[in-house]
Amino acid sequence: MARDAPVIEAYGGGGFRLSGARHEGSVLILRDEPRSWPVGALSDLTMADFEPVLAAGASEVEFVLLGVGARNALPPRGVREGLQAAGIGLEFMDTPAAARLYNLLTSEGRRLAAALIAV
């Protein structure tokens with residue numbers, strides 16, 4: 001299947017530029033489709049925020065690349081354990097690093113969801 005993953009061209013100012021279009025706020029990219037993601041801070045994150053990822057399942061999502069904000073920090077235990085129980089991996093880092101890594105991994109054809117908290 002051909003991929004048409006959006007390219008993260010820029011981040012900051014409370015949003016992202018994805019393939020030429022400005023996206024305000026946090027973003028979840030799943031199945032190469034960006035969507036608004038109502039997470040403003042890592043401390044607010046719950047498993048409910050990953051419902052679309054869980055619905056897609058481990059067959060479509062190898063792992064979640066989580067951009068946790070301006071500085072790297074450990075996601076809440078419930079999120080880490082919930083994704084693990086669903087058979088979906090979790091990689092987390094600061095949002096700028098996650099944005100750069102997302103572009104590399106999608107160019108390699110990896111099946112991932114990117115959950116990026118805006119900085």
# chains A, B, ... in the order shown; residues from 1 in each chain; ligands from 1

$ residues_around --residues "stretch 100-106 of chain A" --least-positions-apart "3" --cutoff "8 Å" --atoms "only C-alpha atoms" --output "ChimeraX atom specification"
/A:5,7-8,65,96-97,109-112,114

$ write_last_selection --atoms "N, CA, C and O atoms" --output "PDB file, in the first residue's frame"
ATOM      1  N   ALA A   5       2.111   9.836   3.951  1.00  0.00           N
ATOM      2  CA  ALA A   5       2.267  10.399   5.289  1.00  0.00           C
ATOM      3  C   ALA A   5       2.569  11.889   5.205  1.00  0.00           C
ATOM      4  O   ALA A   5       3.379  12.315   4.382  1.00  0.00           O
ATOM      5  N   VAL A   7       4.353  15.316   6.083  1.00  0.00           N
ATOM      6  CA  VAL A   7       5.703  15.661   6.529  1.00  0.00           C
ATOM      7  C   VAL A   7       5.580  16.769   7.566  1.00  0.00           C
ATOM      8  O   VAL A   7       4.885  17.763   7.344  1.00  0.00           O
ATOM      9  N   ILE A   8       6.243  16.574   8.699  1.00  0.00           N
ATOM     10  CA  ILE A   8       6.265  17.628   9.711  1.00  0.00           C
ATOM     11  C   ILE A   8       7.386  18.585   9.323  1.00  0.00           C
ATOM     12  O   ILE A   8       8.559  18.252   9.417  1.00  0.00           O
ATOM     13  N   LEU A  65       4.709   6.913  18.723  1.00  0.00           N
ATOM     14  CA  LEU A  65       5.803   7.854  18.934  1.00  0.00           C
ATOM     15  C   LEU A  65       5.167   9.061  19.620  1.00  0.00           C
ATOM     16  O   LEU A  65       4.383   9.794  19.017  1.00  0.00           O
ATOM     17  N   PRO A  96      10.092  18.175  19.799  1.00  0.00           N
ATOM     18  CA  PRO A  96      10.967  18.447  18.652  1.00  0.00           C
ATOM     19  C   PRO A  96      11.694  17.194  18.146  1.00  0.00           C
ATOM     20  O   PRO A  96      11.754  16.961  16.934  1.00  0.00           O
ATOM     21  N   ALA A  97      12.218  16.382  19.042  1.00  0.00           N
ATOM     22  CA  ALA A  97      12.904  15.149  18.626  1.00  0.00           C
ATOM     23  C   ALA A  97      11.922  14.179  17.992  1.00  0.00           C
ATOM     24  O   ALA A  97      12.234  13.518  16.989  1.00  0.00           O
ATOM     25  N   GLY A 109       8.845   3.614   5.987  1.00  0.00           N
ATOM     26  CA  GLY A 109       7.655   2.784   5.878  1.00  0.00           C
ATOM     27  C   GLY A 109       7.179   2.160   7.178  1.00  0.00           C
ATOM     28  O   GLY A 109       6.363   1.237   7.163  1.00  0.00           O
ATOM     29  N   ARG A 110       7.664   2.658   8.304  1.00  0.00           N
ATOM     30  CA  ARG A 110       7.251   2.090   9.602  1.00  0.00           C
ATOM     31  C   ARG A 110       5.777   2.378   9.878  1.00  0.00           C
ATOM     32  O   ARG A 110       5.267   3.440   9.520  1.00  0.00           O
ATOM     33  N   ARG A 111       5.109   1.445  10.518  1.00  0.00           N
ATOM     34  CA  ARG A 111       3.699   1.581  10.884  1.00  0.00           C
ATOM     35  C   ARG A 111       3.620   2.141  12.302  1.00  0.00           C
ATOM     36  O   ARG A 111       3.760   1.421  13.274  1.00  0.00           O
ATOM     37  N   LEU A 112       3.441   3.444  12.383  1.00  0.00           N
ATOM     38  CA  LEU A 112       3.406   4.077  13.687  1.00  0.00           C
ATOM     39  C   LEU A 112       2.317   5.112  13.756  1.00  0.00           C
ATOM     40  O   LEU A 112       1.816   5.562  12.724  1.00  0.00           O
ATOM     41  N   ALA A 114       1.820   8.858  15.526  1.00  0.00           N
ATOM     42  CA  ALA A 114       2.555   9.935  16.184  1.00  0.00           C
ATOM     43  C   ALA A 114       1.543  10.751  16.999  1.00  0.00           C
ATOM     44  O   ALA A 114       0.540  11.224  16.463  1.00  0.00           O
TER      45      ALA A 114
END

$ select_by_dssp --residues "chain A" --states "alpha helix (DSSP H)" --output "PDB file with N, CA, C and O atoms, in the first residue's frame"
ATOM      1  N   GLU A  51      -7.651   6.248  22.253  1.00  0.00           N
ATOM      2  CA  GLU A  51      -8.748   5.418  21.746  1.00  0.00           C
ATOM      3  C   GLU A  51      -8.650   5.165  20.244  1.00  0.00           C
ATOM      4  O   GLU A  51      -8.827   4.032  19.801  1.00  0.00           O
ATOM      5  N   PRO A  52      -8.354   6.196  19.413  1.00  0.00           N
ATOM      6  CA  PRO A  52      -8.228   5.915  17.973  1.00  0.00           C
ATOM      7  C   PRO A  52      -7.101   4.920  17.659  1.00  0.00           C
ATOM      8  O   PRO A  52      -7.217   4.104  16.750  1.00  0.00           O
ATOM      9  N   VAL A  53      -6.015   4.994  18.417  1.00  0.00           N
ATOM     10  CA  VAL A  53      -4.887   4.078  18.218  1.00  0.00           C
ATOM     11  C   VAL A  53      -5.300   2.667  18.605  1.00  0.00           C
ATOM     12  O   VAL A  53      -5.023   1.697  17.878  1.00  0.00           O
ATOM     13  N   LEU A  54      -5.981   2.529  19.723  1.00  0.00           N
ATOM     14  CA  LEU A  54      -6.442   1.211  20.166  1.00  0.00           C
ATOM     15  C   LEU A  54      -7.440   0.629  19.173  1.00  0.00           C
ATOM     16  O   LEU A  54      -7.430  -0.573  18.908  1.00  0.00           O
ATOM     17  N   ALA A  55      -8.293   1.475  18.609  1.00  0.00           N
ATOM     18  CA  ALA A  55      -9.267   1.007  17.619  1.00  0.00           C
ATOM     19  C   ALA A  55      -8.567   0.486  16.368  1.00  0.00           C
ATOM     20  O   ALA A  55      -9.011  -0.492  15.761  1.00  0.00           O
ATOM     21  N   ALA A  56      -7.470   1.119  15.983  1.00  0.00           N
ATOM     22  CA  ALA A  56      -6.707   0.654  14.810  1.00  0.00           C
ATOM     23  C   ALA A  56      -6.033  -0.679  15.112  1.00  0.00           C
ATOM     24  O   ALA A  56      -5.951  -1.547  14.250  1.00  0.00           O
ATOM     25  N   ARG A  77       1.987   6.216  34.163  1.00  0.00           N
ATOM     26  CA  ARG A  77       2.067   4.752  34.227  1.00  0.00           C
ATOM     27  C   ARG A  77       0.875   4.085  33.537  1.00  0.00           C
ATOM     28  O   ARG A  77       1.038   3.094  32.826  1.00  0.00           O
ATOM     29  N   GLY A  78      -0.315   4.617  33.735  1.00  0.00           N
ATOM     30  CA  GLY A  78      -1.506   4.024  33.130  1.00  0.00           C
ATOM     31  C   GLY A  78      -1.422   3.976  31.615  1.00  0.00           C
ATOM     32  O   GLY A  78      -1.890   3.021  30.986  1.00  0.00           O
ATOM     33  N   VAL A  79      -0.830   5.001  31.017  1.00  0.00           N
ATOM     34  CA  VAL A  79      -0.647   5.037  29.559  1.00  0.00           C
ATOM     35  C   VAL A  79       0.383   3.993  29.135  1.00  0.00           C
ATOM     36  O   VAL A  79       0.156   3.219  28.201  1.00  0.00           O
ATOM     37  N   ARG A  80       1.502   3.952  29.831  1.00  0.00           N
ATOM     38  CA  ARG A  80       2.549   2.977  29.482  1.00  0.00           C
ATOM     39  C   ARG A  80       2.024   1.549  29.579  1.00  0.00           C
ATOM     40  O   ARG A  80       2.204   0.750  28.669  1.00  0.00           O
ATOM     41  N   GLU A  81       1.335   1.253  30.677  1.00  0.00           N
ATOM     42  CA  GLU A  81       0.823  -0.103  30.889  1.00  0.00           C
ATOM     43  C   GLU A  81      -0.335  -0.428  29.950  1.00  0.00           C
ATOM     44  O   GLU A  81      -0.456  -1.553  29.472  1.00  0.00           O
ATOM     45  N   GLY A  82      -1.184   0.558  29.672  1.00  0.00           N
ATOM     46  CA  GLY A  82      -2.325   0.330  28.782  1.00  0.00           C
ATOM     47  C   GLY A  82      -1.910   0.010  27.366  1.00  0.00           C
ATOM     48  O   GLY A  82      -2.456  -0.900  26.728  1.00  0.00           O
ATOM     49  N   LEU A  83      -0.939   0.754  26.835  1.00  0.00           N
ATOM     50  CA  LEU A  83      -0.454   0.469  25.487  1.00  0.00           C
ATOM     51  C   LEU A  83       0.246  -0.881  25.440  1.00  0.00           C
ATOM     52  O   LEU A  83       0.063  -1.653  24.494  1.00  0.00           O
ATOM     53  N   GLN A  84       1.022  -1.183  26.457  1.00  0.00           N
ATOM     54  CA  GLN A  84       1.701  -2.475  26.510  1.00  0.00           C
ATOM     55  C   GLN A  84       0.678  -3.611  26.512  1.00  0.00           C
ATOM     56  O   GLN A  84       0.833  -4.593  25.788  1.00  0.00           O
ATOM     57  N   ALA A  85      -0.376  -3.483  27.303  1.00  0.00           N
ATOM     58  CA  ALA A  85      -1.414  -4.513  27.368  1.00  0.00           C
ATOM     59  C   ALA A  85      -2.109  -4.703  26.018  1.00  0.00           C
ATOM     60  O   ALA A  85      -2.554  -5.803  25.689  1.00  0.00           O
ATOM     61  N   THR A  95       8.911  16.740  22.088  1.00  0.00           N
ATOM     62  CA  THR A  95       8.195  16.896  20.820  1.00  0.00           C
ATOM     63  C   THR A  95       9.116  17.258  19.648  1.00  0.00           C
ATOM     64  O   THR A  95       8.960  16.691  18.562  1.00  0.00           O
ATOM     65  N   PRO A  96      10.092  18.175  19.799  1.00  0.00           N
ATOM     66  CA  PRO A  96      10.967  18.447  18.652  1.00  0.00           C
ATOM     67  C   PRO A  96      11.694  17.194  18.146  1.00  0.00           C
ATOM     68  O   PRO A  96      11.754  16.961  16.934  1.00  0.00           O
ATOM     69  N   ALA A  97      12.218  16.382  19.042  1.00  0.00           N
ATOM     70  CA  ALA A  97      12.904  15.149  18.626  1.00  0.00           C
ATOM     71  C   ALA A  97      11.922  14.179  17.992  1.00  0.00           C
ATOM     72  O   ALA A  97      12.234  13.518  16.989  1.00  0.00           O
ATOM     73  N   ALA A  98      10.721  14.081  18.550  1.00  0.00           N
ATOM     74  CA  ALA A  98       9.716  13.166  18.000  1.00  0.00           C
ATOM     75  C   ALA A  98       9.300  13.595  16.595  1.00  0.00           C
ATOM     76  O   ALA A  98       9.107  12.744  15.715  1.00  0.00           O
ATOM     77  N   ALA A  99       9.186  14.894  16.354  1.00  0.00           N
ATOM     78  CA  ALA A  99       8.812  15.379  15.026  1.00  0.00           C
ATOM     79  C   ALA A  99       9.871  14.999  13.992  1.00  0.00           C
ATOM     80  O   ALA A  99       9.547  14.544  12.889  1.00  0.00           O
ATOM     81  N   ARG A 100      11.129  15.159  14.355  1.00  0.00           N
ATOM     82  CA  ARG A 100      12.209  14.792  13.426  1.00  0.00           C
ATOM     83  C   ARG A 100      12.235  13.283  13.183  1.00  0.00           C
ATOM     84  O   ARG A 100      12.378  12.834  12.040  1.00  0.00           O
ATOM     85  N   LEU A 101      12.079  12.505  14.237  1.00  0.00           N
ATOM     86  CA  LEU A 101      12.118  11.053  14.110  1.00  0.00           C
ATOM     87  C   LEU A 101      10.922  10.534  13.322  1.00  0.00           C
ATOM     88  O   LEU A 101      11.057   9.596  12.533  1.00  0.00           O
ATOM     89  N   TYR A 102       9.767  11.141  13.490  1.00  0.00           N
ATOM     90  CA  TYR A 102       8.571  10.750  12.740  1.00  0.00           C
ATOM     91  C   TYR A 102       8.849  10.796  11.235  1.00  0.00           C
ATOM     92  O   TYR A 102       8.537   9.860  10.499  1.00  0.00           O
ATOM     93  N   ASN A 103       9.430  11.906  10.768  1.00  0.00           N
ATOM     94  CA  ASN A 103       9.710  12.036   9.336  1.00  0.00           C
ATOM     95  C   ASN A 103      10.633  10.917   8.853  1.00  0.00           C
ATOM     96  O   ASN A 103      10.414  10.344   7.782  1.00  0.00           O
ATOM     97  N   LEU A 104      11.648  10.592   9.622  1.00  0.00           N
ATOM     98  CA  LEU A 104      12.568   9.524   9.250  1.00  0.00           C
ATOM     99  C   LEU A 104      11.860   8.173   9.217  1.00  0.00           C
ATOM    100  O   LEU A 104      11.974   7.416   8.254  1.00  0.00           O
ATOM    101  N   LEU A 105      11.109   7.875  10.259  1.00  0.00           N
ATOM    102  CA  LEU A 105      10.467   6.560  10.348  1.00  0.00           C
ATOM    103  C   LEU A 105       9.398   6.355   9.284  1.00  0.00           C
ATOM    104  O   LEU A 105       9.256   5.253   8.749  1.00  0.00           O
ATOM    105  N   THR A 106       8.625   7.396   8.961  1.00  0.00           N
ATOM    106  CA  THR A 106       7.620   7.225   7.905  1.00  0.00           C
ATOM    107  C   THR A 106       8.291   7.068   6.549  1.00  0.00           C
ATOM    108  O   THR A 106       7.801   6.323   5.712  1.00  0.00           O
ATOM    109  N   SER A 107       9.435   7.704   6.352  1.00  0.00           N
ATOM    110  CA  SER A 107      10.148   7.528   5.077  1.00  0.00           C
ATOM    111  C   SER A 107      10.655   6.095   4.936  1.00  0.00           C
ATOM    112  O   SER A 107      10.849   5.606   3.825  1.00  0.00           O
TER     113      SER A 107
END

$ residues_around --residues "A:Ser19" --least-positions-apart "2" --cutoff "10 Å" --atoms "only C-alpha atoms" --output "list in words"
Ala5, Pro6, Val7, Ile8, Glu9, Ala10, Phe16, Arg17, Ala21 and Arg22 of chain A

$ residues_around --residues "A:Ala113" --least-positions-apart "3" --cutoff "10 Å" --atoms "only C-alpha atoms" --output "JSON, numbers by chain"
{"A": [28, 29, 30, 31, 32, 33, 34, 50, 52, 53, 56, 60, 61, 62, 63, 64, 65, 66, 88, 90, 102, 106, 110, 116]}
